[in-house]
Structures are given as structure tokens and as C-alpha cells.
file model-v4.csv (CSV, C-alpha atoms)
chain,number,residue,atom,x,y,z
A,16,MET,CA,0.0,0.0,0.0
A,17,ASP,CA,1.1,3.6,-0.6
A,18,MET,CA,2.3,5.7,2.3
A,19,PRO,CA,-0.6,7.6,3.9
A,20,LYS,CA,-0.3,11.4,3.6
A,21,LEU,CA,-0.9,12.4,7.2
A,22,LEU,CA,0.6,15.9,6.9
A,23,ASP,CA,-1.4,17.3,4.0
A,24,GLY,CA,-3.9,19.0,6.3
A,25,ARG,CA,-6.7,16.4,6.2
A,26,LEU,CA,-5.8,14.7,9.5
A,27,LYS,CA,-7.0,16.7,12.5
A,28,LEU,CA,-6.3,16.5,16.2
A,29,ARG,CA,-10.0,15.6,16.7
A,30,HIS,CA,-9.4,12.5,14.6
A,31,LEU,CA,-6.7,11.4,17.1
A,32,LEU,CA,-8.9,12.1,20.0
A,33,LEU,CA,-11.7,10.1,18.4
A,34,VAL,CA,-9.4,7.0,17.8
A,35,ASP,CA,-8.3,7.1,21.4
A,36,ALA,CA,-11.9,7.4,22.7
A,37,LEU,CA,-13.1,4.6,20.4
A,38,SER,CA,-10.4,2.3,21.7
A,39,ARG,CA,-11.3,3.1,25.3
A,40,GLN,CA,-15.0,3.0,25.0
A,41,GLY,CA,-15.5,0.1,22.6
A,42,SER,CA,-18.4,1.7,20.8
A,43,VAL,CA,-19.1,4.7,18.6
A,44,VAL,CA,-21.9,5.7,20.9
A,45,GLY,CA,-19.6,5.7,24.0
A,46,ALA,CA,-16.9,7.6,22.1
A,47,ALA,CA,-19.3,10.2,20.9
A,48,ALA,CA,-20.6,10.7,24.5
A,49,ALA,CA,-17.1,10.9,25.9
A,50,LEU,CA,-16.1,13.6,23.3
A,51,HIS,CA,-19.5,15.4,23.6
A,52,ILE,CA,-20.3,15.0,19.9
A,53,THR,CA,-23.2,13.3,18.1
A,54,GLN,CA,-22.9,9.7,16.9
A,55,PRO,CA,-23.2,10.7,13.2
A,56,VAL,CA,-20.3,13.1,13.6
A,57,ALA,CA,-18.2,10.4,15.2
A,58,THR,CA,-19.1,7.9,12.5
A,59,ARG,CA,-18.3,10.3,9.8
A,60,SER,CA,-15.0,11.3,11.4
A,61,LEU,CA,-14.0,7.6,11.7
A,62,HIS,CA,-14.7,7.1,8.0
A,63,ASP,CA,-12.5,10.1,7.2
A,64,ILE,CA,-9.6,8.7,9.2
A,65,GLU,CA,-9.9,5.3,7.6
A,66,SER,CA,-10.1,7.0,4.2
A,67,ILE,CA,-6.9,9.0,4.9
A,68,LEU,CA,-5.0,5.8,6.1
A,69,GLY,CA,-6.5,3.5,3.5
A,70,VAL,CA,-7.2,0.7,6.1
A,71,SER,CA,-10.0,-0.2,8.5
A,72,LEU,CA,-9.1,0.7,12.1
A,73,PHE,CA,-12.0,-1.1,13.8
A,74,ASP,CA,-14.1,-4.2,13.2
A,75,ARG,CA,-17.8,-3.5,13.7
A,76,GLY,CA,-19.9,-6.1,15.6
A,77,PRO,CA,-23.3,-6.4,17.4
A,78,ARG,CA,-21.6,-5.6,20.7
A,79,GLY,CA,-19.5,-2.7,19.6
A,80,ILE,CA,-16.2,-2.2,17.9
A,81,THR,CA,-12.8,-3.7,18.4
A,82,PRO,CA,-9.5,-2.4,17.0
A,83,THR,CA,-7.9,-4.2,14.0
A,84,ILE,CA,-4.1,-4.6,13.9
A,85,PHE,CA,-4.1,-1.2,12.1
A,86,GLY,CA,-6.3,0.3,14.7
A,87,GLU,CA,-4.1,-0.9,17.6
A,88,ALA,CA,-1.0,0.5,16.0
A,89,PHE,CA,-2.5,3.8,15.0
A,90,THR,CA,-4.1,4.3,18.5
A,91,THR,CA,-0.7,3.9,20.1
A,92,HIS,CA,0.7,6.7,17.9
A,93,ALA,CA,-2.4,8.9,18.4
A,94,ARG,CA,-2.1,8.6,22.1
A,95,ALA,CA,1.6,9.5,21.9
A,96,VAL,CA,0.8,12.7,19.9
A,97,ILE,CA,-2.0,13.6,22.4
A,98,ALA,CA,0.3,13.1,25.3
A,99,GLN,CA,3.1,15.3,23.8
A,100,LEU,CA,0.7,18.1,23.1
A,101,THR,CA,-0.8,17.9,26.6
A,102,GLU,CA,2.7,18.0,28.0
A,103,ALA,CA,3.7,20.9,25.8
A,104,GLY,CA,0.9,23.0,27.1
A,105,ARG,CA,1.7,22.3,30.7
A,106,HIS,CA,5.4,22.9,30.1
A,107,VAL,CA,4.6,26.3,28.8
A,108,VAL,CA,2.6,27.1,31.9
A,109,GLU,CA,5.3,25.9,34.2
A,110,LEU,CA,7.9,28.0,32.4
A,111,ALA,CA,5.7,31.0,32.8
A,112,ASP,CA,5.4,30.4,36.6
A,113,ALA,CA,7.8,27.9,38.0
A,114,ASN,CA,6.0,27.7,41.3
A,115,ARG,CA,2.6,26.8,40.0
A,116,GLY,CA,2.9,23.5,38.2
A,117,THR,CA,0.4,20.5,38.2
A,118,VAL,CA,1.2,16.8,38.4
A,119,ILE,CA,-1.5,14.2,37.8
A,120,VAL,CA,-0.8,10.8,39.5
A,121,GLY,CA,-2.7,7.6,39.1
A,122,THR,CA,-2.9,5.1,41.9
A,123,HIS,CA,-4.4,1.8,43.1
A,124,LEU,CA,-4.5,0.0,46.4
A,125,ALA,CA,-0.8,-0.8,46.7
A,126,GLY,CA,0.2,2.9,46.8
A,127,SER,CA,-2.9,4.8,47.8
A,128,ASN,CA,-3.0,4.3,51.6
A,129,VAL,CA,0.5,5.2,52.9
A,130,LEU,CA,3.1,5.9,50.2
A,131,LEU,CA,1.3,8.4,48.0
A,132,PRO,CA,-0.4,10.5,50.8
A,133,GLY,CA,2.8,10.7,52.8
A,134,ALA,CA,4.8,11.8,49.7
A,135,ILE,CA,2.2,14.4,48.8
A,136,ALA,CA,2.2,15.9,52.3
A,137,ARG,CA,6.0,16.3,52.1
A,138,LEU,CA,5.9,17.7,48.6
A,139,LYS,CA,3.5,20.4,49.6
A,140,VAL,CA,5.7,21.6,52.4
A,141,HIS,CA,8.4,22.6,49.9
A,142,HIS,CA,6.0,23.4,46.9
A,143,PRO,CA,2.8,24.8,48.4
A,144,LEU,CA,1.5,26.1,45.1
A,145,LEU,CA,2.1,22.9,43.2
A,146,THR,CA,-1.2,21.2,42.4
A,147,VAL,CA,-1.4,17.4,42.8
A,148,VAL,CA,-4.3,15.6,41.1
A,149,VAL,CA,-4.9,12.0,42.2
A,150,ARG,CA,-6.9,9.6,40.1
A,151,GLU,CA,-7.8,6.1,41.2
A,152,GLY,CA,-8.2,3.2,38.7
A,153,THR,CA,-7.2,-0.3,37.8
A,154,PRO,CA,-3.6,-0.9,36.7
A,155,GLU,CA,-4.8,-1.4,33.1
A,156,GLN,CA,-6.9,1.8,33.0
A,157,LEU,CA,-4.1,3.8,34.5
A,158,LEU,CA,-1.5,2.5,31.9
A,159,THR,CA,-3.9,3.6,29.1
A,160,ASP,CA,-4.2,7.0,30.7
A,161,LEU,CA,-0.4,7.2,31.1
A,162,GLU,CA,0.1,6.3,27.4
A,163,ALA,CA,-2.3,9.0,26.4
A,164,GLY,CA,-0.8,11.7,28.6
A,165,ARG,CA,-3.9,12.0,30.9
A,166,ILE,CA,-1.7,11.2,33.9
A,167,ASP,CA,2.0,11.8,34.5
A,168,LEU,CA,2.9,8.8,36.6
A,169,ILE,CA,1.4,5.8,38.4
A,170,VAL,CA,2.1,4.8,42.0
A,171,GLY,CA,1.3,1.2,42.9
A,172,ARG,CA,2.2,-2.4,42.2
A,173,LEU,CA,4.7,-3.1,39.4
A,174,THR,CA,3.7,-6.1,37.3
A,175,SER,CA,6.0,-5.7,34.4
A,176,PRO,CA,9.6,-4.6,33.7
A,177,THR,CA,10.5,-1.4,31.9
A,178,ASP,CA,9.7,-1.5,28.2
A,179,ASP,CA,9.4,0.8,25.2
A,180,THR,CA,6.3,2.5,26.6
A,181,ALA,CA,6.9,2.7,30.4
A,182,ILE,CA,9.7,3.2,32.8
A,183,ARG,CA,9.2,1.3,36.1
A,184,ARG,CA,11.1,2.3,39.3
A,185,ASN,CA,11.0,-0.2,42.2
A,186,LEU,CA,10.7,1.4,45.6
A,187,TYR,CA,10.1,-1.5,47.9
A,188,ALA,CA,8.7,-5.1,48.2
A,189,GLU,CA,5.5,-5.6,50.1
A,190,SER,CA,3.7,-8.7,51.3
A,191,VAL,CA,-0.1,-9.3,50.9
A,192,GLU,CA,-2.1,-10.0,54.1
A,193,LEU,CA,-5.6,-11.1,55.1
A,194,VAL,CA,-7.1,-8.1,56.9
A,195,THR,CA,-10.1,-7.7,59.1
A,196,ARG,CA,-11.4,-5.4,61.8
A,197,VAL,CA,-9.7,-5.8,65.2
A,198,ASP,CA,-12.8,-7.3,66.8
A,199,HIS,CA,-13.5,-9.8,64.1
A,200,PRO,CA,-14.4,-13.3,65.4
A,201,LEU,CA,-11.2,-14.7,64.0
A,202,ALA,CA,-8.9,-11.9,64.8
A,203,LEU,CA,-7.3,-13.2,68.1
A,204,ARG,CA,-7.0,-16.8,67.0
A,205,GLU,CA,-3.6,-18.3,66.0
A,206,ASP,CA,-4.9,-21.5,64.5
A,207,VAL,CA,-7.2,-20.2,61.8
A,208,GLN,CA,-7.7,-22.6,58.9
A,209,LEU,CA,-8.3,-21.5,55.3
A,210,GLU,CA,-11.5,-23.5,55.1
A,211,GLU,CA,-13.0,-21.5,58.0
A,212,LEU,CA,-12.5,-18.2,56.1
A,213,ARG,CA,-14.8,-19.2,53.4
A,214,GLY,CA,-17.7,-18.9,55.8
A,215,PHE,CA,-17.2,-15.1,55.9
A,216,PRO,CA,-17.8,-12.5,53.2
A,217,TRP,CA,-14.7,-11.4,51.3
A,218,ILE,CA,-13.4,-8.3,49.6
A,219,LEU,CA,-11.4,-9.2,46.5
A,220,PRO,CA,-9.6,-7.2,43.8
A,221,GLY,CA,-11.3,-7.0,40.4
A,222,VAL,CA,-11.0,-9.9,37.9
A,223,GLU,CA,-8.7,-7.7,35.6
A,224,THR,CA,-6.0,-7.5,38.2
A,225,VAL,CA,-2.8,-9.6,38.6
A,226,LEU,CA,-3.5,-10.0,42.4
A,227,ARG,CA,-6.9,-11.6,41.6
A,228,ARG,CA,-5.3,-14.2,39.3
A,229,GLU,CA,-2.8,-14.9,42.0
A,230,LEU,CA,-5.5,-15.4,44.6
A,231,GLU,CA,-7.4,-17.8,42.3
A,232,GLU,CA,-4.2,-19.8,41.9
A,233,PHE,CA,-3.7,-19.7,45.7
A,234,PHE,CA,-7.1,-21.2,46.4
A,235,ALA,CA,-6.7,-23.7,43.6
A,236,ARG,CA,-3.4,-24.9,45.1
A,237,ASN,CA,-5.2,-25.4,48.4
A,238,GLY,CA,-8.0,-27.4,46.8
A,239,LEU,CA,-10.7,-24.7,47.4
A,240,PRO,CA,-12.8,-22.6,45.1
A,241,LEU,CA,-12.8,-18.8,45.4
A,242,PRO,CA,-15.2,-17.5,48.1
A,243,GLU,CA,-18.7,-17.0,46.5
A,244,ASN,CA,-19.8,-14.4,49.1
A,245,ARG,CA,-17.7,-11.5,48.0
A,246,VAL,CA,-17.4,-7.9,47.0
A,247,GLU,CA,-15.0,-6.7,44.4
A,248,ALA,CA,-13.5,-3.2,45.1
A,249,THR,CA,-10.3,-1.3,44.5
A,250,SER,CA,-11.1,1.9,46.4
A,251,PHE,CA,-9.4,1.9,49.7
A,252,LEU,CA,-12.1,4.1,51.4
A,253,THR,CA,-14.8,1.6,50.3
A,254,VAL,CA,-12.7,-1.4,51.4
A,255,ARG,CA,-11.8,0.1,54.8
A,256,GLN,CA,-15.4,1.1,55.6
A,257,LEU,CA,-16.7,-2.4,54.8
A,258,LEU,CA,-14.0,-3.9,57.0
A,259,VAL,CA,-14.6,-1.8,60.1
A,260,GLU,CA,-18.4,-2.2,59.9
A,261,THR,CA,-18.7,-5.9,58.9
A,262,ASP,CA,-17.1,-9.4,59.3
A,263,MET,CA,-15.6,-9.1,55.8
A,264,ILE,CA,-12.1,-10.3,55.1
A,265,ALA,CA,-9.9,-8.3,52.6
A,266,VAL,CA,-6.7,-9.1,50.8
A,267,LEU,CA,-4.6,-6.0,51.1
A,268,PRO,CA,-0.9,-4.8,51.0
A,269,SER,CA,0.7,-5.2,54.4
A,270,LEU,CA,1.4,-1.4,54.9
A,271,ILE,CA,-2.4,-0.7,54.9
A,272,PRO,CA,-3.2,-2.2,58.3
A,273,ARG,CA,0.1,-1.5,59.9
A,274,ASP,CA,-0.7,1.9,61.3
A,275,ASP,CA,-4.5,1.5,61.4
A,276,ALA,CA,-5.8,0.9,64.9
A,277,ARG,CA,-9.1,-0.5,63.7
A,278,LEU,CA,-7.6,-3.1,61.4
A,279,THR,CA,-5.6,-6.2,62.0
A,280,THR,CA,-4.2,-9.2,60.1
A,281,LEU,CA,-5.1,-12.9,60.4
A,282,SER,CA,-2.6,-15.6,61.1
A,283,ILE,CA,-2.8,-17.3,57.7
A,284,THR,CA,-0.1,-16.3,55.3
A,285,LEU,CA,-0.6,-15.9,51.5
A,286,ASP,CA,3.0,-16.9,50.6
A,287,PRO,CA,4.2,-16.7,47.9
A,288,ILE,CA,1.9,-13.8,47.0
A,289,GLY,CA,3.7,-10.4,47.3
A,290,HIS,CA,4.6,-7.6,45.1
A,291,SER,CA,7.0,-4.7,44.3
A,292,VAL,CA,5.6,-1.2,44.8
A,293,GLY,CA,7.0,1.6,42.7
A,294,ILE,CA,6.6,4.3,40.1
A,295,THR,CA,5.6,3.9,36.5
A,296,SER,CA,6.2,6.8,34.1
A,297,SER,CA,6.2,7.3,30.4
A,298,ALA,CA,9.2,6.1,28.3
A,299,THR,CA,8.2,8.3,25.4
A,300,ARG,CA,8.2,11.7,27.0
A,301,THR,CA,10.2,13.7,29.5
A,302,SER,CA,8.6,14.2,32.9
A,303,SER,CA,7.6,17.7,33.8
A,304,PRO,CA,9.4,19.6,36.6
A,305,SER,CA,6.3,19.0,38.8
A,306,ALA,CA,6.3,15.3,38.1
A,307,GLN,CA,10.0,15.1,38.8
A,308,ALA,CA,9.5,16.8,42.1
A,309,LEU,CA,6.9,14.2,43.1
A,310,ILE,CA,9.0,11.3,41.9
A,311,ALA,CA,11.9,12.5,44.0
A,312,THR,CA,9.7,12.8,47.1
A,313,LEU,CA,8.2,9.4,46.5
A,314,GLU,CA,11.6,7.8,46.4
A,315,SER,CA,12.8,9.5,49.6
A,316,PHE,CA,9.6,8.8,51.5
A,317,ALA,CA,9.6,5.1,50.4
A,318,ALA,CA,13.2,4.7,51.7
A,319,GLU,CA,12.0,6.0,55.1
A,320,LEU,CA,9.0,3.6,55.2
A,321,MET,CA,11.3,0.6,54.7
A,322,ARG,CA,13.7,1.5,57.5
A,323,PRO,CA,13.4,-0.8,60.5

call {"tool": "encode", "arguments": {"input": "model-v4.csv", "output": "C-alpha cells"}}
result
Amino acid sequence: MDMPKLLDGRLKLRHLLLVDALSRQGSVVGAAAALHITQPVATRSLHDIESILGVSLFDRGPRGITPTIFGEAFTTHARAVIAQLTEAGRHVVELADANRGTVIVGTHLAGSNVLLPGAIARLKVHHPLLTVVVREGTPEQLLTDLEAGRIDLIVGRLTSPTDDTAIRRNLYAESVELVTRVDHPLALREDVQLEELRGFPWILPGVETVLRRELEEFFARNGLPLPENRVEATSFLTVRQLLVETDMIAVLPSLIPRDDARLTTLSITLDPIGHSVGITSSATRTSSPSAQALIATLESFAAELMRP
């Protein structure tokens, strides 16, 4: 096929935004709603992009759309361009006023309770006018947002090594514990058996997470099915409130109950389940001064957390 002419003026930024939204939403209707445009406009714009490129970017089906190999490749480049433009605008703002930057950080359970709040508190002491925006999500959602430049970095569990798209900095290793409220019926017992725990409601991570797969494997190794009476949640505030008000059992990183007077851990270990906690940043763009300041603070605070 001939080389597409992407610089002749026909390809617009709105086309790139549409491809990103289509990949995230999985439907033309969802993408149109996310971009605040009508469905016919979204459909027409998609046809325009495919005409410019000379290939089909998405397969249409009764349940929505899925990217073709061309769609996956073009979406990656579209997100990179969007991220660079977003970063350019913020860089200009920071150059105009070095003390008033913004850093957007994504997080999930492994970093949201102790590491990130502590680092933000220290950062604000030295940079009081620096704005920190925190967004929670699943690791997969956050990686997509990082790729598209919607967030600057991710704080949480590291599940992959550094690659062409993301740089991963390990800060510390953390175990995973079974956590309950301090006055849970099983909290003071030292001889708790795994079979007994299945009689209580559980809070588990979502099916899309690595930890969930590891828990399924843990139960399978012990000849037990996953608890059927369960809630799936990733928000720490939701998880903690459920724990202190009910007899639920949660699977959480060990730092979460360590300094919480209302939570405790059960005597059963989940070896070999554990994880590395760290920072994930983009490998395709330079971190802003604001993001660099937060990264440095995260590294220093994590070192303090791990001191005996």
C-alpha cells in the first residue's frame, strides 16, 4: 500500500482524540458521548480517518467495535501525539510560573494508603502552590491514561519490567495480608484454617488485576474454590469502611493495616503472593518539573518507610 499522507492538512487533532476514545469505550456511541459530539459526527470522522489511512481501524460487531491490527498500531501513535501536546501546554505554563505546576498521578491500592499520601504531604511543604491531582483506577486503566498523557505517573504495584512505553522504578517489596477489623471473630486466634475463612464474606480485587489471578491460583493450590460471598472493590475508602463495619475479610498490601488501629491481620499467610511497589512513568516523553519533584519525594519517603 502507498504511504498515507498524514501531513497534508486532512488529518486533524479531533481524529486522534476520536481514535483514542473509540479504543477506550469500545463503541461509537460511547466515544461520541465521551467527546461530547453526536454519533453521526463520530461515525463520519471515523470514515474520514480510515479513508486517509487506507485501512480499516475497527471491526464493527453487534456488541460494539474492536481495533484491528491497524487500529491498535494507530491508536498507540495517536495517544503519543496527544500526550506530547498535553505535556507541551503544561510545560509552557510551568515555564511562565515555575512555582505553579500541576502533576497528575494515578494510583491503586498498593500505593494509595500510605506511600502516596505521605509523599504528597511532604511535597506540599516545599512546593505549596504545586497542584497534585490524584486519580484512582485499575492498573490497566491507568496504563492507558499514562500512554495518552492523561496522567504523569502511576504509583502502585509493578507487574512488568521497563519496556518501550513505560519506565518502572522499584521502591520496595511488600507482602499481601488477610485483613479484618480488630474485633473480628477470628482476629485473636492463632490456629485459623483456610476452610474457615470461606464462611465469611470477602473483599477481593477485580478480575482484571494480577492479584486476583494470584488469589485464584492460591485457592486452587489449596483445593478450594474462590469464596462465593464476595465484594470486588479497588477503592481503599470503600474497602476500609466495609472492613470496620462488617465481618468481611480483605486481601490487602501489608502497609495498609500496619498503622490503622481499627484493622488487623489474620494468622494465615498468603505466601508466595507479594509484590513490588513503585513508580511507572512514560518512556516516550520527559517528565515535567512538577512530576520530577513528586517522583523524588516518593523515592525519599519510600526509603523511610522501609527503615526498621

call {"tool": "residues_around", "arguments": {"input": "model-v4.csv", "residues": "region 293-308 of chain A", "least_positions_apart": "3", "cutoff": "6 Å", "atoms": "all atoms listed in the file", "output": "PDB file with C-alpha atoms, in the frame of the given file"}}
result
ATOM      1  CA  GLY A 116       2.900  23.500  38.200  1.00  0.00           C
ATOM      2  CA  VAL A 118       1.200  16.800  38.400  1.00  0.00           C
ATOM      3  CA  LEU A 168       2.900   8.800  36.600  1.00  0.00           C
ATOM      4  CA  ILE A 169       1.400   5.800  38.400  1.00  0.00           C
ATOM      5  CA  VAL A 170       2.100   4.800  42.000  1.00  0.00           C
ATOM      6  CA  GLY A 171       1.300   1.200  42.900  1.00  0.00           C
ATOM      7  CA  THR A 180       6.300   2.500  26.600  1.00  0.00           C
ATOM      8  CA  ALA A 181       6.900   2.700  30.400  1.00  0.00           C
ATOM      9  CA  ILE A 182       9.700   3.200  32.800  1.00  0.00           C
ATOM     10  CA  ARG A 183       9.200   1.300  36.100  1.00  0.00           C
ATOM     11  CA  ARG A 184      11.100   2.300  39.300  1.00  0.00           C
ATOM     12  CA  ASN A 185      11.000  -0.200  42.200  1.00  0.00           C
ATOM     13  CA  LEU A 186      10.700   1.400  45.600  1.00  0.00           C
ATOM     14  CA  ALA A 311      11.900  12.500  44.000  1.00  0.00           C
TER      15      ALA A 311
END

call {"tool": "residues_around", "arguments": {"input": "model-v4.csv", "residues": "Arg105 (chain A)", "least_positions_apart": "3", "cutoff": "8 Å", "atoms": "only C-alpha atoms", "output": "PyMOL selection string"}}
result
chain A and resi 101-102+108-109+116-117

call {"tool": "closest_residue", "arguments": {"input": "model-v4.csv", "among": "A:Thr312, A:Ser269, A:Thr159, A:Thr195", "to": "Pro216 (chain A)", "atoms": "all atoms listed in the file"}}
result
A:Thr195

call {"tool": "residues_around", "arguments": {"input": "model-v4.csv", "residues": "region 248-251 of chain A", "least_positions_apart": "3", "cutoff": "10 Å", "atoms": "all atoms listed in the file", "output": "PyMOL selection string"}}
result
chain A and resi 122-125+127-128+151-153+218-221+224+245+254-257+265+267+271

call {"tool": "write_last_selection", "arguments": {"input": "model-v4.csv", "atoms": "C-alpha atoms", "output": "tab-separated table (two decimals), in the frame of the given file"}}
result
chain	number	residue	atom	x	y	z
A	122	THR	CA	-2.90	5.10	41.90
A	123	HIS	CA	-4.40	1.80	43.10
A	124	LEU	CA	-4.50	0.00	46.40
A	125	ALA	CA	-0.80	-0.80	46.70
A	127	SER	CA	-2.90	4.80	47.80
A	128	ASN	CA	-3.00	4.30	51.60
A	151	GLU	CA	-7.80	6.10	41.20
A	152	GLY	CA	-8.20	3.20	38.70
A	153	THR	CA	-7.20	-0.30	37.80
A	218	ILE	CA	-13.40	-8.30	49.60
A	219	LEU	CA	-11.40	-9.20	46.50
A	220	PRO	CA	-9.60	-7.20	43.80
A	221	GLY	CA	-11.30	-7.00	40.40
A	224	THR	CA	-6.00	-7.50	38.20
A	245	ARG	CA	-17.70	-11.50	48.00
A	254	VAL	CA	-12.70	-1.40	51.40
A	255	ARG	CA	-11.80	0.10	54.80
A	256	GLN	CA	-15.40	1.10	55.60
A	257	LEU	CA	-16.70	-2.40	54.80
A	265	ALA	CA	-9.90	-8.30	52.60
A	267	LEU	CA	-4.60	-6.00	51.10
A	271	ILE	CA	-2.40	-0.70	54.90

call {"tool": "atom_distance", "arguments": {"input": "model-v4.csv", "atom1": "CA of Leu61 (chain A)", "atom2": "CA of Val34 (chain A)"}}
result
7.7 Å

call {"tool": "closest_residue", "arguments": {"input": "model-v4.csv", "among": "A:Gly133, A:Asp17, A:Leu31, A:Leu26", "to": "Val70 (chain A)", "atoms": "all atoms listed in the file"}}
result
A:Asp17

call {"tool": "residues_around", "arguments": {"input": "model-v4.csv", "residues": "Val44 (chain A)", "least_positions_apart": "4", "cutoff": "9 Å", "atoms": "only C-alpha atoms", "output": "list in words"}}
result
Leu37, Gln40, Ala48, Ala49, Thr53, Gln54, Ala57 and Gly79 of chain A

call {"tool": "write_last_selection", "arguments": {"input": "model-v4.csv", "atoms": "C-alpha atoms", "output": "mmCIF file, in the coordinates of the input"}}
result
data_model
loop_
_atom_site.group_PDB
_atom_site.id
_atom_site.type_symbol
_atom_site.label_atom_id
_atom_site.label_comp_id
_atom_site.auth_asym_id
_atom_site.auth_seq_id
_atom_site.Cartn_x
_atom_site.Cartn_y
_atom_site.Cartn_z
ATOM 1 C CA LEU A 37 -13.100 4.600 20.400
ATOM 2 C CA GLN A 40 -15.000 3.000 25.000
ATOM 3 C CA ALA A 48 -20.600 10.700 24.500
ATOM 4 C CA ALA A 49 -17.100 10.900 25.900
ATOM 5 C CA THR A 53 -23.200 13.300 18.100
ATOM 6 C CA GLN A 54 -22.900 9.700 16.900
ATOM 7 C CA ALA A 57 -18.200 10.400 15.200
ATOM 8 C CA GLY A 79 -19.500 -2.700 19.600
#

call {"tool": "atom_distance", "arguments": {"input": "model-v4.csv", "atom1": "CA of Arg59 (chain A)", "atom2": "CA of Gln156 (chain A)"}}
result
27.2 Å

call {"tool": "closest_residue", "arguments": {"input": "model-v4.csv", "among": "A:Ala317, A:Ile52, A:Val191, A:Leu157", "to": "Pro268 (chain A)", "atoms": "only C-alpha atoms"}}
result
A:Val191

call {"tool": "residues_around", "arguments": {"input": "model-v4.csv", "residues": "Ile97 (chain A)", "least_positions_apart": "4", "cutoff": "7 Å", "atoms": "all atoms listed in the file", "output": "ChimeraX atom specification"}}
result
/A:93,101,163-164

call {"tool": "write_last_selection", "arguments": {"input": "model-v4.csv", "atoms": "C-alpha atoms", "output": "PDB file, in the coordinates of the input"}}
result
ATOM      1  CA  ALA A  93      -2.400   8.900  18.400  1.00  0.00           C
ATOM      2  CA  THR A 101      -0.800  17.900  26.600  1.00  0.00           C
ATOM      3  CA  ALA A 163      -2.300   9.000  26.400  1.00  0.00           C
ATOM      4  CA  GLY A 164      -0.800  11.700  28.600  1.00  0.00           C
TER       5      GLY A 164
END

call {"tool": "decode", "arguments": {"input": "model-v4.csv", "residues": "region 139-145 of chain A", "atoms": "all heavy atoms", "output": "CSV table (one decimal), in the first residue's frame"}}
result
chain,number,residue,atom,x,y,z
A,139,LYS,N,4.2,19.1,49.4
A,139,LYS,CA,3.5,20.4,49.6
A,139,LYS,C,4.2,21.3,50.6
A,139,LYS,O,4.0,22.5,50.6
A,139,LYS,CB,2.0,20.1,50.1
A,139,LYS,CG,1.2,19.4,49.0
A,139,LYS,CD,0.9,20.3,47.8
A,139,LYS,CE,-0.1,21.4,48.1
A,139,LYS,NZ,-0.4,22.2,46.9
A,140,VAL,N,5.0,20.7,51.5
A,140,VAL,CA,5.7,21.6,52.4
A,140,VAL,C,6.7,22.5,51.6
A,140,VAL,O,6.9,23.7,51.9
A,140,VAL,CB,6.5,20.7,53.4
A,140,VAL,CG1,7.5,21.5,54.2
A,140,VAL,CG2,5.5,20.0,54.3
A,141,HIS,N,7.3,21.9,50.6
A,141,HIS,CA,8.4,22.6,49.9
A,141,HIS,C,7.8,23.3,48.6
A,141,HIS,O,8.4,24.2,48.1
A,141,HIS,CB,9.5,21.7,49.5
A,141,HIS,CG,10.2,21.0,50.6
A,141,HIS,ND1,11.0,21.7,51.5
A,141,HIS,CD2,10.1,19.8,51.1
A,141,HIS,CE1,11.5,20.9,52.4
A,141,HIS,NE2,10.9,19.7,52.2
A,142,HIS,N,6.6,22.8,48.1
A,142,HIS,CA,6.0,23.4,46.9
A,142,HIS,C,4.5,23.6,47.2
A,142,HIS,O,3.7,22.9,46.6
A,142,HIS,CB,6.2,22.4,45.7
A,142,HIS,CG,7.6,22.0,45.4
A,142,HIS,ND1,8.4,22.9,44.7
A,142,HIS,CD2,8.4,21.0,45.8
A,142,HIS,CE1,9.6,22.3,44.6
A,142,HIS,NE2,9.6,21.1,45.2
A,143,PRO,N,4.2,24.6,48.0
A,143,PRO,CA,2.8,24.8,48.4
A,143,PRO,C,1.8,25.1,47.3
A,143,PRO,O,0.7,24.8,47.4
A,143,PRO,CB,2.9,25.9,49.5
A,143,PRO,CG,4.2,26.6,49.1
A,143,PRO,CD,5.1,25.5,48.7
A,144,LEU,N,2.3,25.7,46.2
A,144,LEU,CA,1.5,26.1,45.1
A,144,LEU,C,1.4,25.1,44.0
A,144,LEU,O,0.8,25.3,43.0
A,144,LEU,CB,1.9,27.5,44.6
A,144,LEU,CG,1.9,28.6,45.6
A,144,LEU,CD1,2.3,29.9,44.9
A,144,LEU,CD2,0.5,28.7,46.2
A,145,LEU,N,2.2,24.0,44.2
A,145,LEU,CA,2.1,22.9,43.2
A,145,LEU,C,0.8,22.1,43.4
A,145,LEU,O,0.6,21.6,44.5
A,145,LEU,CB,3.3,22.0,43.3
A,145,LEU,CG,3.6,21.0,42.2
A,145,LEU,CD1,5.1,20.7,42.1
A,145,LEU,CD2,2.8,19.7,42.3
